[in-house]
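Peer 1: Got a structure here, written out as structure tokens. Questions coming.
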Amino acid sequence: MYALETNNLTKKYGNNTVVDHVSLKVEKGTIFGFLGKNGAGKSTFINMVTGLTIPTEGSFTLSPAEKVNIGVLPDYSTFYDDMTVLGHLKFFSRIMGLKLPKEEMIQILKRVELEDAINVKAKKLSFGMKKKLGIAQALLNNPEILFLDEPTSGVDANSVLNIHSLIKNIASQGTTIFLTSHNLDEVEKLCDEISIMDKGCIKKQGTITQLRNEFQNNLTVRFKHGEIPDEKFPTLEKELSAYETEIEWGRNYVKLVVPDEETISVINKHFIDTGIDVFRIEVDEPSLEEIFLSTGA
Amino acid sequence: MITISLKEFTSLFKSIRSIIIISIIFGVTLGSAKLINTFQAELAQFDLGSSAYAAGLMLIIIIASPLFVSSLSHNVINEELKSRTIRFIATKISRNRIIAGKFLGILLFWSLCLFVALLLTIPFSKTFPISEFFQSIVFISYFVGLTILLSTLIHKPSLSILTGIALALVFPILGLWSVFSDNFFLKVFSYLTPYLYFSKEQELYSFFVLIFPVIFLVISLMIMRKRDL
């Protein structure tokens, strides 16, 4: 069951195609990350599926489709200068027809660490605090789908960690979260599935593991081993050279490139059979940054 | 929609503007009524002298309300678009409700201002001109609708205030002129302004004006539905 399904969703401004025939499916209950540099089309995409921008072509389906079940933190949005933090939550909840008690709204503000600013007017809030208020208003209706456009940009480091744990907590309750970010670590840390966007097109999509596997056909593995007696070294060297790979012998380690995880297991068995202790096996995984850069985005 | 209306209403009402407007309506109604009373005998021939206060009220509404409405509410939509506050609202309720809510909020503000101003004239007039009160609301609704349409069409608040004021100055002149003119184009134009319907003897004609704000709002909605926020 999909929370969001788009079919050739496209947005053009004159001759400039900002989102180019994007088709994707977001499974319910997952955290889906949209990764891309500034101007890649992430925000335009999120604006289309949240009804802020009218698509030029294509269609999308949200499940549930009612606005009352959807929470949105739009990008670059401002609040009413003379309205307080709590006033905003009251206003937005009334708009949605929710009758939330004050305590519940304060609880939401606590979740985003804004409880000390409930009576502060929006014009006096810092950028980061406005971002937190944006997240708070998106949580008012306890949404089934939550769209967060750059939720941590401009937020201080401590608050970023808090927002991350908040996002994980919300997702653990079954909410589907769709977030955009250009922070690779954030996406890697939070998301179940990732889509890398560039120039309006999806360059890669999948889980982190799928993207890693796709990116790297071979695995670089390092076996940290114990002392190898001189008489056993030729046997081990012969066994490993059978894999026709570059072998780098170091002090108490051997580094080699293998085609898959099964080979790692087989090599480990060679060490054991030869009577050599293996203390640690390290597999070098490509970072999301490497994958991201490999797309040319 | 009610929340949007109330927000629009309170943002207009809580400022000094409401006191100024009530004072102007009250003052002009009273002043013109006294003036009308001095010419009671002459005006009685035109069936006006008996309701001098009502005539005073209609005078200020017909001449000045376009200017008041456009200057106060010219940015009702485009300011929200410019500041992007509308993005938080538009993700929660439909655009139709936003437009309708804004319209009702502004109209509620004017209704209350008129009501208070007319209440203040009761000690002098000894009566509350109910019919003229509702006619005034109908007349103002035309310009509220038009102002919302302008604010939807024109992206920059600085431009919408200029256009609004220009129209508010031109409309009463052209509108009143067109009622009495034999020029074909002005005759056609007169059907598009509220002045023609308010110049008819039968009061019911004035309520026909209500169709115009509906048309203005429908056009605004059609524009808003196609607009990226």
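In the structure tokens, the first chain shown is A, the next is B, and so on; residue numbers restart at 1 for each chain, and ligands run from 1 in the order shown.
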Counting only C-alpha atoms, which residues of chain B sit at most 7 Å from some atom of chain A, and what is each one's closest atom pair with its distance in Å to one decimal, listed by chain and rising residue number, as JSON lines?
Peer 2:
```
{"residue": "B:Met1", "atom": "CA", "partner": "A:Ile95", "partner_atom": "CA", "distance": 6.9}
{"residue": "B:Thr3", "atom": "CA", "partner": "A:Ile95", "partner_atom": "CA", "distance": 5.7}
{"residue": "B:Ser83", "atom": "CA", "partner": "A:Thr78", "partner_atom": "CA", "distance": 6.2}
{"residue": "B:Arg84", "atom": "CA", "partner": "A:Ser77", "partner_atom": "CA", "distance": 5.2}
{"residue": "B:Thr85", "atom": "CA", "partner": "A:Thr78", "partner_atom": "CA", "distance": 5.4}
{"residue": "B:Arg87", "atom": "CA", "partner": "A:Leu52", "partner_atom": "CA", "distance": 6.8}
{"residue": "B:Ala90", "atom": "CA", "partner": "A:Leu52", "partner_atom": "CA", "distance": 6.9}
{"residue": "B:Thr91", "atom": "CA", "partner": "A:Thr50", "partner_atom": "CA", "distance": 6.5}
{"residue": "B:Lys92", "atom": "CA", "partner": "A:Lys67", "partner_atom": "CA", "distance": 5.6}
{"residue": "B:Ile93", "atom": "CA", "partner": "A:Met96", "partner_atom": "CA", "distance": 6.8}
{"residue": "B:Lys226", "atom": "CA", "partner": "A:Ile54", "partner_atom": "CA", "distance": 6.5}
{"residue": "B:Arg227", "atom": "CA", "partner": "A:Ile54", "partner_atom": "CA", "distance": 6.9}
{"residue": "B:Asp228", "atom": "CA", "partner": "A:Thr53", "partner_atom": "CA", "distance": 4.3}
{"residue": "B:Leu229", "atom": "CA", "partner": "A:Leu52", "partner_atom": "CA", "distance": 5.2}
```
Peer 1: Output N, CA and C atoms for every residue in that selection, as a PDB file, in the first residue's frame.
Peer 2:
```pdb
ATOM      1  N   MET B   1     -13.064  28.106   7.329  1.00  0.00           N
ATOM      2  CA  MET B   1     -13.461  29.363   6.683  1.00  0.00           C
ATOM      3  C   MET B   1     -13.817  30.430   7.724  1.00  0.00           C
ATOM      4  N   THR B   3     -12.671  30.615  10.719  1.00  0.00           N
ATOM      5  CA  THR B   3     -11.431  31.058  11.369  1.00  0.00           C
ATOM      6  C   THR B   3     -10.719  32.113  10.520  1.00  0.00           C
ATOM      7  N   SER B  83       4.282  37.120   1.364  1.00  0.00           N
ATOM      8  CA  SER B  83       4.956  36.689   2.593  1.00  0.00           C
ATOM      9  C   SER B  83       4.975  35.161   2.721  1.00  0.00           C
ATOM     10  N   ARG B  84       4.200  34.516   1.885  1.00  0.00           N
ATOM     11  CA  ARG B  84       4.094  33.047   1.850  1.00  0.00           C
ATOM     12  C   ARG B  84       3.402  32.450   3.083  1.00  0.00           C
ATOM     13  N   THR B  85       2.720  33.288   3.836  1.00  0.00           N
ATOM     14  CA  THR B  85       1.949  32.763   4.965  1.00  0.00           C
ATOM     15  C   THR B  85       0.821  31.872   4.456  1.00  0.00           C
ATOM     16  N   ARG B  87       0.908  29.589   2.462  1.00  0.00           N
ATOM     17  CA  ARG B  87       1.315  28.194   2.269  1.00  0.00           C
ATOM     18  C   ARG B  87       0.905  27.313   3.451  1.00  0.00           C
ATOM     19  N   ALA B  90      -2.992  27.064   2.977  1.00  0.00           N
ATOM     20  CA  ALA B  90      -3.434  26.327   1.781  1.00  0.00           C
ATOM     21  C   ALA B  90      -3.172  24.826   1.879  1.00  0.00           C
ATOM     22  N   THR B  91      -2.267  24.432   2.777  1.00  0.00           N
ATOM     23  CA  THR B  91      -2.046  22.992   2.956  1.00  0.00           C
ATOM     24  C   THR B  91      -3.049  22.404   3.953  1.00  0.00           C
ATOM     25  N   LYS B  92      -3.869  23.273   4.517  1.00  0.00           N
ATOM     26  CA  LYS B  92      -4.835  22.802   5.521  1.00  0.00           C
ATOM     27  C   LYS B  92      -6.278  22.889   5.046  1.00  0.00           C
ATOM     28  N   ILE B  93      -6.593  23.934   4.292  1.00  0.00           N
ATOM     29  CA  ILE B  93      -7.960  24.044   3.753  1.00  0.00           C
ATOM     30  C   ILE B  93      -7.895  24.443   2.281  1.00  0.00           C
ATOM     31  N   LYS B 226      -5.374  28.072 -10.165  1.00  0.00           N
ATOM     32  CA  LYS B 226      -4.309  27.797 -11.132  1.00  0.00           C
ATOM     33  C   LYS B 226      -2.973  28.390 -10.708  1.00  0.00           C
ATOM     34  N   ARG B 227      -2.980  29.015  -9.558  1.00  0.00           N
ATOM     35  CA  ARG B 227      -1.767  29.726  -9.142  1.00  0.00           C
ATOM     36  C   ARG B 227      -0.872  28.870  -8.240  1.00  0.00           C
ATOM     37  N   ASP B 228       0.425  28.982  -8.488  1.00  0.00           N
ATOM     38  CA  ASP B 228       1.391  28.320  -7.603  1.00  0.00           C
ATOM     39  C   ASP B 228       1.600  29.200  -6.381  1.00  0.00           C
ATOM     40  N   LEU B 229       1.540  28.590  -5.210  1.00  0.00           N
ATOM     41  CA  LEU B 229       1.654  29.383  -3.983  1.00  0.00           C
ATOM     42  C   LEU B 229       3.089  29.348  -3.427  1.00  0.00           C
TER      43      LEU B 229
END
```
Peer 1: Please return, as a list in words, all residues of range 173-210 of chain A that DSSP assigns to strand (DSSP E) on the basis of the backbone.
Peer 2: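 Written out, the strand (DSSP E) residues of range 173-210 of chain A are Thr176, Ile177, Phe178, Leu179, Thr180, Ser181, Glu193, Ile194, Ser195, Ile196, Met197, Asp198, Cys201, Ile202, Lys203, Lys204, Gln205 and Gly206 of chain A.
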Peer 1: Would you give me, as a ChimeraX atom specification, the residues in range 69-205 of chain B that DSSP reads as helix (DSSP H, G or I)?
Peer 2: /B:69-73,78-83,86-90,95-125,130-153,157-180,184-190,194-199,204-205
Peer 1: Find the spatial neighbours of Leu196 in chain B, counting only C-alpha atoms, within a cut-off of 6 Å - ignore same-chain residues fewer than 3 positions away - and output them as a tab-separated table (two decimals) with all heavy atoms, in the first residue's frame.
Peer 2:
```tsv
chain	number	residue	atom	x	y	z
B	179	VAL	N	-24.78	56.74	-15.19
B	179	VAL	CA	-26.23	56.58	-14.90
B	179	VAL	C	-27.04	57.62	-15.67
B	179	VAL	O	-28.13	57.31	-16.17
B	179	VAL	CB	-26.48	56.73	-13.37
B	179	VAL	CG1	-27.97	56.77	-13.06
B	179	VAL	CG2	-25.82	55.58	-12.63
B	190	SER	N	-22.52	51.37	-17.12
B	190	SER	CA	-23.39	51.60	-15.94
B	190	SER	C	-23.99	50.30	-15.41
B	190	SER	O	-24.25	50.17	-14.23
B	190	SER	CB	-24.51	52.59	-16.29
B	190	SER	OG	-25.43	51.98	-17.17
B	199	SER	N	-29.64	53.75	-8.16
B	199	SER	CA	-30.37	54.96	-8.57
B	199	SER	C	-31.84	54.66	-8.90
B	199	SER	O	-32.64	55.56	-9.07
B	199	SER	CB	-29.69	55.59	-9.78
B	199	SER	OG	-29.83	54.73	-10.90
```
Peer 1: Near Val187 in chain A, within 12 Å and counting only C-alpha atoms, which residues show up once chain neighbours fewer than 4 positions away are dropped, as a ChimeraX atom specification?
Peer 2: /A:31-36,150-152,164,167-168,177-183,191-196,207-208,287-289,292
Peer 1: Using only C-alpha atoms, which residues sit within 6 Å of Ser70 in chain B once same-chain residues fewer than 4 positions away are excluded, as a PDB file with C-alpha atoms, in the first residue's frame?
Peer 2:
```pdb
ATOM      1  CA  HIS B  74      -5.995  45.947  -1.327  1.00  0.00           C
ATOM      2  CA  THR B 147     -10.763  44.439  -4.128  1.00  0.00           C
ATOM      3  CA  GLY B 164      -7.267  50.135  -6.051  1.00  0.00           C
TER       4      GLY B 164
END
```
Peer 1: List the neighbours of Leu149 in chain B out to 6 Å using only C-alpha atoms; skip same-chain residues closer than 3 positions along the sequence, and give me the result as number ranges by chain.
Peer 2: B: 146, 152, 216, 220
Peer 1: Contacts of Ile106 in chain B at 9 Å or less, counting only C-alpha atoms, minus same-chain residues fewer than 4 places along, as a list in words?
Peer 2: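 The filter keeps Ser5, Glu8, Phe9, Leu12, Val69, Ser73, Gly101, Lys102, Trp110, Ser111, Ser141 and Val144 of chain B.
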Peer 1: Please indicate the distance in Å from CA of Ile154 in chain B to CA of Lys130 in chain A, rounded to one decimal place.
Peer 2: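 Calculated distance between CA of Ile154 in chain B and CA of Lys130 in chain A is 28.2 Å.
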Peer 1: Work out how far apart CA of Tyr253 in chain A and CA of Phe223 in chain A are and give it in Å to one decimal.
Peer 2: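 Value for the CA of Tyr253 in chain A-CA of Phe223 in chain A distance: 5.4 Å.
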